[in-house]
Amino acid sequence: MISSEKWHARRALGVLSLSLLLAACGSGGGDSDSGTDGGTAGGGGTGGGNAAESATLLADVEMAANGTAALRVWDPAQPTTLVASQSPVAASEQVQYGWARSFDAATRTERQTARTLAVHTSNGHAWLTDLRGGQSHTPRQLSSLDLVDSTRSVVPLALDGTTAWANVMRTGLIFAVHSSMSSTDAPLRGEVLAALPDSTGAGRYIAVATSNDAGQSGLSVLAADGSSVGFSAVPGGSLGIAWVGFDPAQAGRAYVVVNQQLRRLIWNDAGVSLDPSFSHAMQATNTPQAGGVSDATGLWLLDGATLLHIVGDSVTPLGAFADAPRALWDAGDAVVVKRSVSLTPQCCTSYETMNKASGIVSQIYGGVNSASLFDASDGKALFRQTNTWGWAVLDTQGQVLSQGNGPILGAVYAAERIAGRAPALQGFMACTPDASTGMCGAGPVSQFGLDGNAQMSMAELTAGTTLVHPLQKDYVAGLPTSMTMLASNSGNRDLWQVTPGVAGSLQRVTQHLP
């Protein structure tokens with residue numbers, strides 16, 4: 001399992017500018033106050049179930065003209081009809097989702113089929129909304145934990161998407177809450193790193209990075225419901241725990257760094273333990289800043305500045321960067337890293353690759369603060385250019401393969417992946433830039449492939465009078481997804497919906513913006 005920060009998790013959500021109104025929607029959006037109807041100051045909400053609803057609903061945060069932010073739940077088949085809501089919600093809140101999936105044990109492939117749960121914070125608590133059609137959609141408080149700042153990630157358990165753990169932040173500390181918890185249940189102190197699956201693909205155990213008030217960490221493994229399985233917790237000291245990833249070649253194995261040691265978890269239906277036959281001493285004196293990435297050959301992990309290749313019992317150094325990178329991506333024939341640099345003219349950020357066969361390091365984008373890597377896949381790296389609101393696709397030697405001027409609204413990923421590996425980046429959505437501002441203007445919002453060619457138009461937009469920012473997120477091919485846009489001059493937030501891979505599917509849900 002992997003968290004909902006991506007079907008994978010590695011990039012920070014960015015903010016771009018957009019100036020648009022959807023011509024086809026006209027005044028078909030919801031009432032300007034509908035997103036807060038029924039909410040209470042105590043964090044309550046409204047929402048019933050209807051057997052005639054779509055199989056799954058959508059949920060996201062809107063902000064009405066009165067400045068009140070609220071969670072809104074709606075049916076994608078009837079996008080302008082409010083199904084449930086809750087307020088107050090922080091204007092910066094980003095909803096995290098749990099999902100249903102299918103699993104083929106013979107090929108070890110997993111397919112995301114629907115987003116079934118939404119977790120958000122309101123009034124200092126974590127709340128869960130059931131997005132399955134025909135169920136009650138009233139937000140339900142998860143655990144007695146108070147002073148919750150934000151939701152961090154969701155780790156799905158059951159294949160049908162009905163159970164999950166959510167990691168939430170409370171005054172700088174991470175706690176985990178289970179989807180079945182009531183408002184009186186105590187949370188789990190620590191972060192659920194991953195669900196360890198059984199032979200059917202469902203979460204059998206959870207790996208947890210624990211912490212205490214003294215700043216000491218540890219690794220624990222519990223049953224999927226949080227009960228003990230007799231695993232002896234491993235002290236992590238003050239260096240912390242780093243999740244590396246699942247073994248892509250063999251089920252029932254995963255790697256983790258504990259107290260400067262690379263260890264291997266092994267499990268089956270009978271139990272779970274640390275493999276006594278495998279341990280590798282890490283050379284760096286701090287916990288890896290970037291988790292591991294995997295491909296068909298094995299796992300790749302940074303040990304300080306050195307790139308390690310983990311294949312079964314073998315841990316082989318491939319080469320080294322000038323110093324320890326801050327992030328790591330898999331790009332097929334190479335890995336991509338992000339380093340901080342300070343020497344003139346190479347100011348601030350350097351994106352570099354290391355070829356997996358030769359170990360040769362190449363700088364593909366450096367000396368700038370005006371671009372950030374969205375993601376990489378299949379020998380290509382997708383960059384967002386923040387100074388021009390444009391985008392560029394580079395190969396792993398730094399050659400520009402394609403580029404455009406329209407701001408990126410989000411990346412599109414494959415719904416299917418090999419268990420334990422990240423889904424493939426298939427493309428992205430971007431809008432048509434306004435000639436004078438470079439922000440989005442009249443013209444199509446298109447879905448592009450990684451070759452830089454527009455594959456389809458999602459909607460035709462006309463220039464509006466208000467600048468708005470789409471909050472970038474990950475999109476899964478074929479699954480209806482919410483899209484949010486902020487008015488730069490008022491902070492109002494409107495909701496839209498889109499289905500990647502379906503032409504013309506971008507629709508406006510609310511009408512809070514001019």
# chains A, B, ... in the order shown; residues from 1 in each chain; ligands from 1

$ select_by_dssp --residues "range 300-432 of chain A" --states "strand (DSSP E)" --output "MDAnalysis selection string"
chainID A and resid 300:303 306:311 314:320 327:330 334:341 348:355 361:366 371:377 380:385 390:395 400:404 408:413 416:418 425:430

$ closest_residue --among "A:Ser54, A:Gln507, A:Thr353, A:Thr484" --to "Ser92 in chain A" --atoms "only C-alpha atoms"
A:Thr484

$ residues_around --residues "Ala305 in chain A" --least-positions-apart "6" --cutoff "6 Å" --atoms "only C-alpha atoms" --output "list in words"
Ala320, Phe321, Asp323 and Ala324 of chain A

$ residues_around --residues "Leu71 in chain A" --least-positions-apart "2" --cutoff "7 Å" --atoms "only C-alpha atoms" --output "PDB file with C-alpha atoms, in the first residue's frame"
ATOM      1  CA  ALA A  59     -15.406  15.736  -1.703  1.00  0.00           C
ATOM      2  CA  ASP A  60     -13.185  18.814  -1.444  1.00  0.00           C
ATOM      3  CA  VAL A  61     -12.911  22.211   0.225  1.00  0.00           C
ATOM      4  CA  GLU A  62     -14.646  25.314  -1.139  1.00  0.00           C
ATOM      5  CA  VAL A  73     -19.624  16.449  -0.906  1.00  0.00           C
ATOM      6  CA  SER A  85     -21.075  19.660   4.019  1.00  0.00           C
ATOM      7  CA  GLN A  86     -19.076  20.602   7.085  1.00  0.00           C
ATOM      8  CA  SER A  87     -17.634  23.844   8.414  1.00  0.00           C
ATOM      9  CA  VAL A  89     -12.573  24.086   7.671  1.00  0.00           C
TER      10      VAL A  89
END

$ closest_atom_pairs --of "range 331-382 of chain A" --to "range 424-430 of chain A" --cutoff "10 Å" --atoms "only C-alpha atoms" --output "JSON lines"
{"residue": "A:Ala331", "atom": "CA", "partner": "A:Leu425", "partner_atom": "CA", "distance": 9.8}
{"residue": "A:Phe374", "atom": "CA", "partner": "A:Phe428", "partner_atom": "CA", "distance": 9.7}
{"residue": "A:Asp375", "atom": "CA", "partner": "A:Leu425", "partner_atom": "CA", "distance": 7.4}
{"residue": "A:Ala376", "atom": "CA", "partner": "A:Leu425", "partner_atom": "CA", "distance": 6.9}
{"residue": "A:Ser377", "atom": "CA", "partner": "A:Leu425", "partner_atom": "CA", "distance": 5.7}
{"residue": "A:Asp378", "atom": "CA", "partner": "A:Ala424", "partner_atom": "CA", "distance": 8.0}
{"residue": "A:Lys380", "atom": "CA", "partner": "A:Leu425", "partner_atom": "CA", "distance": 9.5}
{"residue": "A:Ala381", "atom": "CA", "partner": "A:Leu425", "partner_atom": "CA", "distance": 9.7}
{"residue": "A:Leu382", "atom": "CA", "partner": "A:Gly427", "partner_atom": "CA", "distance": 8.7}

$ closest_atom_pairs --of "range 395-432 of chain A" --to "range 271-293 of chain A" --cutoff "10 Å" --atoms "only C-alpha atoms" --output "tab-separated table"
residue	atom	partner	partner_atom	distance
A:Gly420	CA	A:Val293	CA	9.7
A:Arg421	CA	A:Val293	CA	7.7
A:Ala422	CA	A:Val293	CA	8.0

$ write_last_selection --atoms "N, CA and C atoms" --output "PDB file, in the first residue's frame"
ATOM      1  N   GLY A 420       3.751  -2.642  -4.848  1.00  0.00           N
ATOM      2  CA  GLY A 420       4.995  -2.190  -4.252  1.00  0.00           C
ATOM      3  C   GLY A 420       5.737  -1.150  -5.057  1.00  0.00           C
ATOM      4  N   ARG A 421       5.290  -0.879  -6.271  1.00  0.00           N
ATOM      5  CA  ARG A 421       5.945   0.122  -7.114  1.00  0.00           C
ATOM      6  C   ARG A 421       5.004   1.298  -7.361  1.00  0.00           C
ATOM      7  N   ALA A 422       5.589   2.440  -7.677  1.00  0.00           N
ATOM      8  CA  ALA A 422       4.784   3.628  -7.956  1.00  0.00           C
ATOM      9  C   ALA A 422       4.090   3.488  -9.310  1.00  0.00           C
TER      10      ALA A 422
END

$ closest_residue --among "A:Arg140, A:Ala254, A:Asp395, A:Thr349" --to "Val335 in chain A" --atoms "only C-alpha atoms"
A:Asp395

$ residues_around --residues "Ala242 in chain A" --least-positions-apart "4" --cutoff "12 Å" --atoms "only C-alpha atoms" --output "PyMOL selection string"
chain A and resi 191-194+207-210+217-219+236+254-263+282+286-292+301-303

$ residues_around --residues "Pro139 in chain A" --least-positions-apart "4" --cutoff "6 Å" --atoms "only C-alpha atoms" --output "NGL selection string"
:A and (127-129)

$ residues_around --residues "Asp198 in chain A" --least-positions-apart "2" --cutoff "8 Å" --atoms "only C-alpha atoms" --output "list of chain:residue names"
A:Leu196, A:Thr200, A:Gly201, A:Ala202, A:Gly203, A:Arg204, A:Gly252, A:Asn268, A:Asp269

$ write_last_selection --atoms "all heavy atoms" --output "short mmCIF file (atom, residue, chain, number, x, y, z; two decimals), in the first residue's frame"
data_model
loop_
_atom_site.label_atom_id
_atom_site.label_comp_id
_atom_site.auth_asym_id
_atom_site.auth_seq_id
_atom_site.Cartn_x
_atom_site.Cartn_y
_atom_site.Cartn_z
N LEU A 196 1.29 -3.77 5.23
CA LEU A 196 1.96 -4.95 4.70
C LEU A 196 0.89 -5.92 4.24
O LEU A 196 0.12 -6.44 5.05
CB LEU A 196 2.87 -5.58 5.76
CG LEU A 196 3.80 -4.61 6.52
CD1 LEU A 196 4.67 -5.39 7.50
CD2 LEU A 196 4.64 -3.80 5.56
N THR A 200 -3.85 -11.76 -0.76
CA THR A 200 -4.95 -11.21 -1.56
C THR A 200 -4.74 -9.76 -1.91
O THR A 200 -5.53 -9.18 -2.66
CB THR A 200 -6.28 -11.35 -0.80
OG1 THR A 200 -6.30 -10.42 0.31
CG2 THR A 200 -6.48 -12.76 -0.27
N GLY A 201 -3.71 -9.11 -1.34
CA GLY A 201 -3.45 -7.70 -1.59
C GLY A 201 -3.99 -6.78 -0.52
O GLY A 201 -3.71 -5.58 -0.54
N ALA A 202 -4.78 -7.29 0.43
CA ALA A 202 -5.32 -6.47 1.51
C ALA A 202 -4.29 -6.31 2.62
O ALA A 202 -3.43 -7.16 2.81
CB ALA A 202 -6.59 -7.11 2.06
N GLY A 203 -4.37 -5.20 3.36
CA GLY A 203 -3.42 -4.95 4.43
C GLY A 203 -3.58 -5.95 5.57
O GLY A 203 -4.65 -6.05 6.16
N ARG A 204 -2.52 -6.70 5.87
CA ARG A 204 -2.53 -7.68 6.96
C ARG A 204 -1.93 -7.09 8.23
O ARG A 204 -2.40 -7.34 9.34
CB ARG A 204 -1.74 -8.90 6.54
CG ARG A 204 -1.53 -9.96 7.61
CD ARG A 204 -2.73 -10.86 7.75
NE ARG A 204 -2.52 -11.90 8.74
CZ ARG A 204 -3.29 -12.96 8.88
NH1 ARG A 204 -4.32 -13.13 8.06
NH2 ARG A 204 -3.06 -13.85 9.82
N GLY A 252 5.93 -10.22 0.46
CA GLY A 252 6.21 -10.47 1.87
C GLY A 252 7.55 -9.96 2.34
O GLY A 252 8.07 -10.43 3.36
N ASN A 268 4.21 -13.26 6.59
CA ASN A 268 3.20 -14.09 5.93
C ASN A 268 2.00 -14.13 6.87
O ASN A 268 1.94 -13.37 7.86
CB ASN A 268 3.74 -15.49 5.63
CG ASN A 268 4.31 -16.18 6.86
OD1 ASN A 268 3.84 -15.97 7.98
ND2 ASN A 268 5.34 -17.00 6.66
N ASP A 269 1.03 -14.99 6.59
CA ASP A 269 -0.18 -15.01 7.41
C ASP A 269 0.11 -15.45 8.84
O ASP A 269 -0.67 -15.16 9.75
CB ASP A 269 -1.22 -15.94 6.78
CG ASP A 269 -1.79 -15.37 5.50
OD1 ASP A 269 -1.59 -14.17 5.25
OD2 ASP A 269 -2.44 -16.12 4.74
#
